[in-house]
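Engineer: Contents of structure_23.cif (mmCIF, C-alpha atoms) are given next:
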data_upload
#
loop_
_atom_site.label_atom_id
_atom_site.label_comp_id
_atom_site.auth_asym_id
_atom_site.auth_seq_id
_atom_site.Cartn_x
_atom_site.Cartn_y
_atom_site.Cartn_z
CA TRP A 163 189.84 24.59 77.54
CA ILE A 164 189.98 22.39 80.62
CA ASP A 165 187.64 24.65 82.59
CA LYS A 166 185.03 24.54 79.81
CA VAL A 167 184.27 20.82 79.95
CA PRO A 168 182.61 18.79 82.74
CA ALA A 169 185.07 15.87 82.54
CA VAL A 170 188.04 14.46 80.64
CA LEU A 171 188.40 10.85 79.49
CA GLU A 172 192.12 10.09 79.11
CA THR A 173 192.62 6.84 77.20
CA TRP A 174 196.38 7.02 76.58
CA LEU A 175 197.79 4.41 74.15
CA CYS A 176 195.07 1.82 74.58
CA GLY A 177 195.71 -0.33 71.52
CA GLN A 178 193.53 -2.00 68.90
CA ALA A 179 190.41 -2.36 71.04
CA GLY A 180 190.71 1.10 72.56
CA ALA A 181 187.94 2.68 70.52
CA SER A 182 185.30 0.14 71.56
CA ALA A 183 186.43 0.43 75.19
CA ALA A 184 186.09 4.21 75.02
CA VAL A 185 182.56 3.83 73.62
CA ASP A 186 181.62 1.58 76.55
CA LEU A 187 182.93 4.20 78.99
CA LEU A 188 181.31 7.17 77.26
CA PHE A 189 177.89 5.50 77.05
CA GLY A 190 177.98 4.12 80.59
CA ARG A 191 178.26 0.41 79.84
CA ALA A 192 181.42 0.39 81.98
CA SER A 193 182.74 2.65 84.72
CA PRO A 194 186.17 4.32 84.53
CA SER A 195 188.61 3.03 87.12
CA GLY A 196 192.06 4.21 86.04
CA LYS A 197 194.38 6.43 88.10
CA LEU A 198 197.02 8.86 86.91
CA ALA A 199 200.59 7.57 87.15
CA GLN A 200 201.98 11.11 87.15
CA THR A 201 201.07 14.62 88.24
CA PHE A 202 199.55 17.07 85.76
CA PRO A 203 201.03 20.50 86.62
CA LEU A 204 199.21 23.76 86.06
CA SER A 205 201.92 25.02 83.70
CA ARG A 206 205.26 24.02 82.28
CA SER A 207 207.01 26.47 84.61
CA ASP A 208 205.76 24.41 87.58
CA ILE A 209 207.86 21.42 86.52
CA PRO A 210 211.04 21.48 88.66
CA SER A 211 213.27 19.96 85.96
CA ASP A 212 212.08 22.25 83.16
CA ALA A 213 214.87 24.80 83.59
CA TYR A 214 217.53 22.14 83.01
CA PHE A 215 216.19 20.36 79.93
CA PRO A 216 217.12 19.55 77.24
CA GLY A 217 220.60 20.63 78.38
CA ASN A 218 223.39 20.79 75.81
CA GLU A 219 224.77 18.34 73.28
CA SER A 220 226.70 16.27 75.82
CA GLN A 221 225.18 16.90 79.24
CA VAL A 222 221.82 16.99 81.00
CA GLU A 223 221.57 17.92 84.68
CA TYR A 224 219.18 15.97 86.86
CA ARG A 225 218.66 18.29 89.83
CA GLU A 226 215.41 16.95 91.27
CA GLY A 227 217.09 14.53 93.67
CA LEU A 228 214.27 12.87 95.61
CA ASN A 229 211.77 15.50 94.44
CA VAL A 230 210.46 13.63 91.41
CA GLY A 231 206.79 13.93 90.44
CA TYR A 232 204.26 14.06 93.28
CA ARG A 233 207.09 13.96 95.84
CA TYR A 234 207.97 17.51 94.80
CA TYR A 235 204.47 18.94 94.36
CA ASN A 236 203.11 17.50 97.62
CA THR A 237 206.19 18.24 99.73
CA PHE A 238 206.30 21.89 98.72
CA HIS A 239 202.51 22.36 98.57
CA ARG A 240 202.34 23.27 94.89
CA GLU A 241 198.89 23.54 93.31
CA VAL A 242 198.40 21.09 90.43
CA LEU A 243 195.86 20.46 87.72
CA PHE A 244 195.43 16.75 88.48
CA PRO A 245 197.36 15.00 91.27
CA PHE A 246 199.21 11.70 91.09
CA GLY A 247 196.82 8.78 91.63
CA HIS A 248 193.73 10.78 90.66
CA GLY A 249 190.89 9.21 88.70
CA LEU A 250 187.09 9.53 88.65
CA SER A 251 184.34 6.91 88.49
CA TYR A 252 180.61 6.76 87.79
CA THR A 253 180.16 5.63 91.39
CA GLN A 254 181.54 6.68 94.78
CA PHE A 255 183.52 4.85 97.46
CA ALA A 256 183.73 5.19 101.23
CA TYR A 257 186.77 4.33 103.33
CA ARG A 258 186.42 3.40 107.01
CA ASN A 259 187.65 1.32 109.97
CA LEU A 260 191.41 1.43 109.46
CA GLU A 261 193.37 -1.08 111.55
CA ILE A 262 197.14 -1.48 111.73
CA LYS A 263 198.96 -4.55 113.04
CA THR A 264 202.70 -4.44 113.78
CA GLU A 265 205.06 -7.13 115.02
CA ASP A 266 207.62 -6.60 117.80
CA GLY A 267 211.19 -6.64 116.48
CA SER A 268 210.03 -6.45 112.87
CA TYR A 269 209.13 -3.84 110.29
CA ASP A 270 206.33 -6.00 108.89
CA VAL A 271 203.00 -4.15 108.98
CA THR A 272 199.53 -5.40 108.06
CA ILE A 273 196.97 -2.77 107.08
CA THR A 274 193.24 -3.48 106.90
CA PHE A 275 190.30 -1.20 106.17
CA GLU A 276 186.79 -1.35 104.77
CA LEU A 277 185.97 -0.09 101.30
CA GLN A 278 182.32 0.36 100.29
CA ASN A 279 180.70 1.24 97.00
CA VAL A 280 178.17 3.85 98.13
CA GLY A 281 176.88 4.63 94.62
CA ASN A 282 174.33 2.92 92.39
CA ARG A 283 176.77 1.57 89.81
CA SER A 284 179.31 -1.23 89.89
CA GLY A 285 182.86 0.07 89.78
CA ALA A 286 186.48 -0.55 90.67
CA GLU A 287 188.59 1.53 93.03
CA ILE A 288 192.38 1.65 93.32
CA SER A 289 193.18 2.25 96.98
CA GLN A 290 196.63 3.68 97.66
CA CYS A 291 198.89 3.54 100.71
CA TYR A 292 201.38 6.34 101.36
CA ILE A 293 203.96 6.52 104.16
CA HIS A 294 205.00 9.76 105.87
CA ASP A 295 208.14 9.70 108.04
CA CYS A 296 207.21 11.93 110.98
CA ASP A 297 210.57 11.96 112.78
CA SER A 298 213.17 11.72 110.03
CA THR A 299 216.44 13.52 110.70
CA PHE A 300 217.20 13.38 106.97
CA TYR A 301 215.43 15.03 104.09
CA ARG A 302 212.59 12.86 102.82
CA PRO A 303 209.59 13.74 100.66
CA HIS A 304 206.32 14.42 102.49
CA HIS A 305 205.02 10.97 101.63
CA GLU A 306 205.71 8.10 99.25
CA LEU A 307 203.46 5.50 97.65
CA LYS A 308 204.25 2.08 99.11
CA ALA A 309 201.28 -0.15 98.21
CA PHE A 310 198.04 -0.16 96.24
CA THR A 311 195.29 -2.55 95.21
CA LYS A 312 192.36 -2.53 92.80
CA VAL A 313 188.97 -3.88 93.96
CA LEU A 314 185.71 -4.29 92.02
CA LEU A 315 182.56 -3.60 94.05
CA LYS A 316 178.86 -3.85 93.29
CA PRO A 317 176.49 -1.13 94.58
CA ASN A 318 176.51 -1.07 98.43
CA GLU A 319 179.04 -3.92 98.55
CA VAL A 320 181.68 -3.76 101.28
CA LYS A 321 185.05 -5.50 101.20
CA ARG A 322 187.80 -5.70 103.79
CA ILE A 323 191.05 -4.65 102.13
CA VAL A 324 194.39 -6.00 103.31
CA LEU A 325 197.77 -4.46 102.43
CA SER A 326 201.15 -5.68 103.65
CA LEU A 327 204.27 -3.58 104.15
CA SER A 328 207.83 -4.61 104.99
CA LYS A 329 211.08 -2.83 105.81
CA ASP A 330 211.49 -1.29 102.36
CA ALA A 331 208.33 0.79 102.90
CA PHE A 332 210.06 2.73 105.70
CA ALA A 333 213.74 2.61 104.73
CA PHE A 334 216.03 4.97 102.82
CA TRP A 335 219.42 4.35 101.23
CA ASP A 336 222.45 5.25 103.36
CA ASP A 337 225.55 5.99 101.26
CA GLY A 338 227.81 5.58 104.29
CA VAL A 339 226.85 2.02 105.17
CA HIS A 340 225.78 1.02 101.63
CA ASN A 341 222.48 -0.33 102.83
CA TRP A 342 218.82 0.53 103.39
CA ILE A 343 218.15 1.70 106.95
CA VAL A 344 215.10 2.61 109.03
CA GLU A 345 215.38 5.31 111.66
CA PRO A 346 213.47 4.77 114.93
CA GLY A 347 210.40 6.95 115.39
CA ASP A 348 206.89 7.56 114.13
CA PHE A 349 205.53 6.86 110.66
CA GLU A 350 202.08 7.89 109.46
CA VAL A 351 200.19 5.38 107.33
CA GLN A 352 197.91 7.19 104.87
CA ILE A 353 195.16 5.48 102.85
CA GLY A 354 193.63 7.41 99.97
CA SER A 355 192.15 7.47 96.49
CA SER A 356 194.98 9.74 95.26
CA SER A 357 198.09 11.42 96.64
CA ARG A 358 195.97 14.49 97.45
CA ASP A 359 192.82 12.69 98.64
CA ILE A 360 193.72 10.86 101.86
CA HIS A 361 190.77 9.28 103.68
CA LEU A 362 192.36 7.38 106.58
CA LYS A 363 195.46 7.95 108.72
CA HIS A 364 197.16 6.13 111.56
CA THR A 365 200.57 6.61 113.19
CA ILE A 366 202.81 3.68 114.08
CA SER A 367 206.12 3.71 115.96
CA PHE A 368 209.34 1.73 115.65
CA ALA A 369 211.37 1.75 118.85
CA GLU A 370 214.31 0.06 117.16
CA GLY A 371 216.19 1.36 114.17
CA GLN A 372 219.53 2.58 112.90
CA GLU A 373 221.00 6.06 112.99
CA GLY A 374 222.09 7.34 109.62
CA SER A 375 225.70 8.04 108.68
CA ASN A 376 227.31 11.43 108.09
CA GLU A 377 227.63 10.56 104.41
CA ALA A 378 223.88 10.04 104.18
CA ARG A 379 223.24 13.28 106.03
CA GLN A 380 225.30 15.15 103.45
CA SER A 381 223.37 13.46 100.65
CA TYR A 382 219.95 14.18 102.16
CA THR A 383 220.20 17.57 103.81
CA PRO A 384 217.11 18.44 105.92
CA THR A 385 215.39 21.43 104.33
CA GLU A 386 211.98 23.03 104.20
CA ILE A 387 212.87 25.33 101.31
CA SER A 388 212.20 24.34 97.74
CA PRO A 389 215.38 24.27 95.65
CA TYR A 390 213.45 25.40 92.58
#
Using structure tokens, write down the structure from this file.
Structural biologist:
Amino acid sequence: WIDKVPAVLETWLCGQAGASAAVDLLFGRASPSGKLAQTFPLSRSDIPSDAYFPGNESQVEYREGLNVGYRYYNTFHREVLFPFGHGLSYTQFAYRNLEIKTEDGSYDVTITFELQNVGNRSGAEISQCYIHDCDSTFYRPHHELKAFTKVLLKPNEVKRIVLSLSKDAFAFWDDGVHNWIVEPGDFEVQIGSSSRDIHLKHTISFAEGQEGSNEARQSYTPTEISPY
């Protein structure tokens, strides 16, 4: 039925006041501003873990590894019904003027950009920051959500958004050294309104870093082929 309706209002488990809130949204007294916290696949067969659940009486196999949720669908370019982070509004937003500030000898990164409400209704937008490791010698998902913020804007209002990242936004766990490490190289900062709707991109480089161990390489084997 999804292709027979102009829109879907997903209210989830919204509690005692949920009905009145839904009325406000349906009749335009408020603008929707939620974002999906998971991917909606096109069919059950598209879910990578489906073949292994519910398992047997004593054992369930978790074979996704790092490919959980949007990390799987976006890495292997699978079509989806609704992507992670997706959500509509009664207004529209424009992203522009991305600036990235890094500090020598540090993994601290400051991200700033302008967000404008270009519609005729007040509304809130949840801006999302994803990181793509361009030069990884280990298997990593295409990108991972590392920061987000929600901002309320009046019609035509512009706000400068600031997001801060630290080492954990770029690191992965190394089984050999029992610590989080960052490889030297390029990382792409992606700013979007969902995991599939990226508006701004900028590449930064870390000259210093740590090479991963052989144990980590065995755990995260580089591959471009979906295991499912």
Engineer: Wanna dump the region 261-366 of chain A-region 195-203 of chain A contacts at 10 Å for me, each residue with its shortest atom pair and the distance in Å to one decimal, counting all atoms listed in the file, ordered by chain and number, as a Markdown table?
Structural biologist:
| residue | atom | partner | partner_atom | distance |
| --- | --- | --- | --- | --- |
| A:Gly285 | CA | A:Ser195 | CA | 7.0 |
| A:Ala286 | CA | A:Ser195 | CA | 5.5 |
| A:Glu287 | CA | A:Ser195 | CA | 6.1 |
| A:Ile288 | CA | A:Lys197 | CA | 7.4 |
| A:Ser289 | CA | A:Lys197 | CA | 9.9 |
| A:Lys312 | CA | A:Ser195 | CA | 8.8 |
| A:Val313 | CA | A:Ser195 | CA | 9.7 |
| A:Leu314 | CA | A:Ser195 | CA | 9.3 |
| A:Ser355 | CA | A:Lys197 | CA | 8.7 |
| A:Ser356 | CA | A:Lys197 | CA | 7.9 |
| A:Ser357 | CA | A:Thr201 | CA | 9.5 |
Engineer: Pick from A:Arg225, A:Asp336, A:Leu315, A:Lys363: nearest to Asp212 (chain A), with only C-alpha atoms counted?
Structural biologist: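 Of the candidates, the smallest distance to Asp212 (chain A) is held by A:Arg225.
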Engineer: Neighbours of Glu241 (chain A) within 12 Å (all atoms listed in the file; same-chain residues fewer than 5 positions away dropped), as a VMD selection string?
Structural biologist: chain A and resid 201 to 205 208 to 209 232 234 to 236 358
Engineer: Between A:Glu350, A:Asp270, A:Glu377, A:Asp186, which has the minimum distance to Glu306 (chain A) (counting only C-alpha atoms)?
Structural biologist: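 Closest to Glu306 (chain A) of all the choices is A:Glu350.
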Engineer: Go through the shown structure with the PyMOL selection byres ((chain A and resi 170) around 12) and write out the matching residues as a PyMOL selection string.
Structural biologist: chain A and resi 163-169+171-174+184+187-188+194+244+249-251
Engineer: Which residues are near region 277-284 of chain A? Cut-off 12 Å, all atoms listed in the file, ignore same chain within fewer than 5 positions. Put them as a ChimeraX atom specification.
Structural biologist: /A:190-195,251-260,289-290,311-324,353-355,361-362
Engineer: Would you please work out which residue, of A:Pro303, A:Ser268, A:Phe332, A:Ile360, is nearest to Glu226 (chain A) when using all atoms listed in the file?
Structural biologist: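 Among the listed residues, A:Pro303 lies closest to Glu226 (chain A).
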Engineer: Let me have the centre and edge lengths in Å, one decimal, of the box along x, y and z around every listed atom of region 229-236 of chain A with 8 Å of margin on each side, as AutoDock Vina command-line options.
Structural biologist:
--center_x 207.4 --center_y 16.3 --center_z 94.0 --size_x 24.7 --size_y 21.3 --size_z 23.2
Engineer: Quote the spacing between CA of Val242 (chain A) and CA of His305 (chain A) in Å to one decimal place.
Structural biologist: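 CA of His305 (chain A) lies 16.5 Å from CA of Val242 (chain A).
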Engineer: May I have the residues within 12 Å of Lys329 (chain A) as number ranges by chain, using all atoms listed in the file and disregarding those fewer than 6 positions away in the same chain?
Structural biologist: A: 264-265, 267-271, 293, 308, 335, 342-345, 368, 371
Engineer: Name the residues that the PyMOL selection byres ((chain A and resi 374) around 12) pulls out of this structure, and write them as a ChimeraX atom specification.
Structural biologist: /A:298-301,333-346,371-373,375-383
Engineer: Can you measure CA of Tyr224 (chain A) to CA of His304 (chain A) for me? One decimal in Å is fine.
Structural biologist: 20.3 Å
Engineer: One decimal, in Å: what's the spacing between CA of Asp266 (chain A) and CA of Ser328 (chain A)?
Structural biologist: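 Pair CA of Asp266 (chain A) / CA of Ser328 (chain A) returns 13.0 Å.
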Engineer: For Thr274 (chain A), which of A:Ser326, A:Thr237, A:Ser207, A:Ser367 is the closest residue, counting all atoms listed in the file?
Structural biologist: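 Of A:Ser326, A:Thr237, A:Ser207, A:Ser367, the one nearest Thr274 (chain A), counting all atoms listed in the file, is A:Ser326.
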